[in-house]
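Everything on this sheet refers to the single structure shown next.
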Amino acid sequence: MNSDVNRSPLLGRVTIADVAREAGVSVPTVSKVVNGRYGVAPATFKRVTEVVAALGYETSLVAASLRRQRTNVIGILVPEFESFSAELLKGISTAATGTGYELLAYSALAPGGISAGWERRSLSRLAGTLIDGAIIVTPTLLMPTTSIPVVAIDPHDGPGGPSTIDSDNIGGARVATGHLIELGHRRIAHIRGRTDLASAQLREAGYRESLEQAGIPFDPTLVCDGEYQTALTAKTARELLMRPDRPTAVFAANDMSALGVLNAARDLGLRVPEDVSVIGFDDVPEAASSKPPLTTMAQPLHDMGAQALRMLVKLLDGEDIPNHVQLPAELVVRASTGPAPIAF
């Protein structure tokens, strides 16, 4: 073997012909080695694999999948890369270690924003030739049949279609609102998420149930749209907090919305939590580093991602899995919530 192979790899993309030339064998011999076929002497096999490693040769994933009917790649389909998706991806990546599968993270974000049905369009591009199965984060549509195994995390319409995993949205919202009630708050606003999402609907329902259980009349004027977006929530919260009868506490449907409330309060010169308490939902990394640190309902995002990966691997192995897995959300108390002010 050429002694220069470890010192000076070939420039540009390495081809199978480059490997054959460097190893001093034929192209069919290299093909047998990289595809794991029989008929190659042990010494030749060793020499070819050394050259493959030294040159960094990679076979065509698409061509290999057509031959084997498997790619050993799992697709992670997300509408966009943001804090929620990133935390799920960390859990998925950890669980994938040792499974023999590689991960392909794919975002469907297009000019103009996310559109309904993005997951079906993404699957049509990737399924069969690039990925063996998919984990889809917050799919917008039910998908009763797919060409490959699919597990959905926090689907828009709730459990249904492929196997799904989420956290206890309604129970978590009850706990979040209950935490504010225990601190003496009675005028509690809710910045809701996207009204088309099951998670947002359940969190609003949990908020209302907690008020009812405490005997606090529901005030529809204290429920405002935030769409799970920091900027929109900041505008909405500013209007809410400028009211003469402003709320003493706000339960935001996710952490990014809660951060928007913190921004609005700061702009208005209100102290958190002395003048207004704020609680979110998710426990993304920004929650702990905000000023003040955000009280929130922690979704077990890493565990949700890891369980989704394990569920999908079982599907790929032909095993049965539950149709729906729900994990608990837990209250994380930080500095953004405190006793209700006596007067304001």
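As shown in the structure tokens, the chain order sets the letters A, B, ...; within each chain, residues go from 1, and ligands are also counted from 1 in the order they appear.
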Exercise. Tell me, as a list of chain:residue names, which residues lie within 10 Å of Val19 of chain A, counting only C-alpha atoms; anything in the same chain fewer than 2 positions away does not count.
Key: A:Leu10, A:Val14, A:Thr15, A:Ile16, A:Ala17, A:Arg21, A:Glu22, A:Ala23, A:Gly24, A:Val25, A:Ser26, A:Val27, A:Val30, A:Ser31, A:Val48, A:Thr49, A:Glu50, A:Val51, A:Val52, A:Ala53, A:Ala54, A:Leu55, A:Gly56, A:Tyr57
Store the residues of this selection in a file with C-alpha atoms, as a tab-separated table (two decimals), in the first residue's frame.
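Writing the result to result_1.tsv gives the following:
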```tsv
chain	number	residue	atom	x	y	z
A	10	LEU	CA	-6.72	12.73	-2.01
A	14	VAL	CA	-12.89	10.07	-2.86
A	15	THR	CA	-14.25	7.54	-5.35
A	16	ILE	CA	-14.25	3.77	-5.35
A	17	ALA	CA	-11.65	3.91	-8.15
A	21	ARG	CA	-5.89	2.26	-7.11
A	22	GLU	CA	-4.47	3.01	-3.65
A	23	ALA	CA	-5.02	-0.56	-2.43
A	24	GLY	CA	-3.77	-2.15	-5.63
A	25	VAL	CA	-6.96	-4.13	-6.26
A	26	SER	CA	-9.85	-4.03	-8.71
A	27	VAL	CA	-12.98	-1.89	-8.29
A	30	VAL	CA	-13.43	-2.85	-3.25
A	31	SER	CA	-17.18	-3.10	-3.86
A	48	VAL	CA	-8.86	-2.32	1.47
A	49	THR	CA	-10.51	-1.38	4.78
A	50	GLU	CA	-7.34	0.44	5.84
A	51	VAL	CA	-7.38	2.47	2.63
A	52	VAL	CA	-11.10	3.17	2.99
A	53	ALA	CA	-10.52	4.51	6.51
A	54	ALA	CA	-7.42	6.50	5.52
A	55	LEU	CA	-9.03	8.18	2.52
A	56	GLY	CA	-12.40	8.71	4.20
A	57	TYR	CA	-14.28	6.94	1.43
```
Practice problem: Pick out the residues sitting within 7 Å of Gly172 of chain A, and hand them over as a ChimeraX atom specification; count only C-alpha atoms, and ignore anything fewer than 5 positions along from it in its own chain. | Solution: /A:297,329-330
Quiz item: Interatomic distance between atom CA of Pro293 of chain A and atom CA of Ala335 of chain A?
Solution: 5.4 Å
Quiz item: Quick one: of A:Ala231, A:Ala95, A:Leu268, A:Val151, who's nearest to Asp166 of chain A, counting only C-alpha atoms?
Solution: A:Val151
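Of the listed residues (A:Ala253, A:Ile135, A:Ser336, A:Asp245), A:Ser336 comes nearest to Ser290 of chain A; the distances count only C-alpha atoms.
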Quiz item: If you run DSSP on the backbone, which residues of segment 220-301 of chain A are alpha helix (DSSP H), as a VMD selection string?
Solution: chain A and resid 230 to 241 255 to 267 285 to 289 301
Quiz prompt | Nearest to Val284 of chain A, chosen from A:Cys224, A:Ile74, A:Leu240, A:Ala258, with only C-alpha atoms counted in the distances | solution =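 Comparing A:Cys224, A:Ile74, A:Leu240, A:Ala258 against Val284 of chain A, the winner is A:Ala258.
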Practice problem: Counting only C-alpha atoms, figure out which residue out of A:Ala200, A:Leu77, A:Ala86, A:Ile170 gets nearest to Leu103 of chain A. | Solution: A:Leu77
Exercise. Please run DSSP on the backbone and report, as a VMD selection string, all residues within segment 159-212 of chain A that come out as strand (DSSP E or B).
Key: chain A and resid 163 to 167 188 to 192
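Atom pair atom CA of Phe218 of chain A / atom CA of Thr195 of chain A: separated by 18.4 Å.
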Quiz item: What lies within 6 Å of His156 of chain A using only C-alpha atoms, ignoring chain neighbours under 3 positions off, as an MDAnalysis selection string?
Solution: chainID A and resid 138:140 197:198
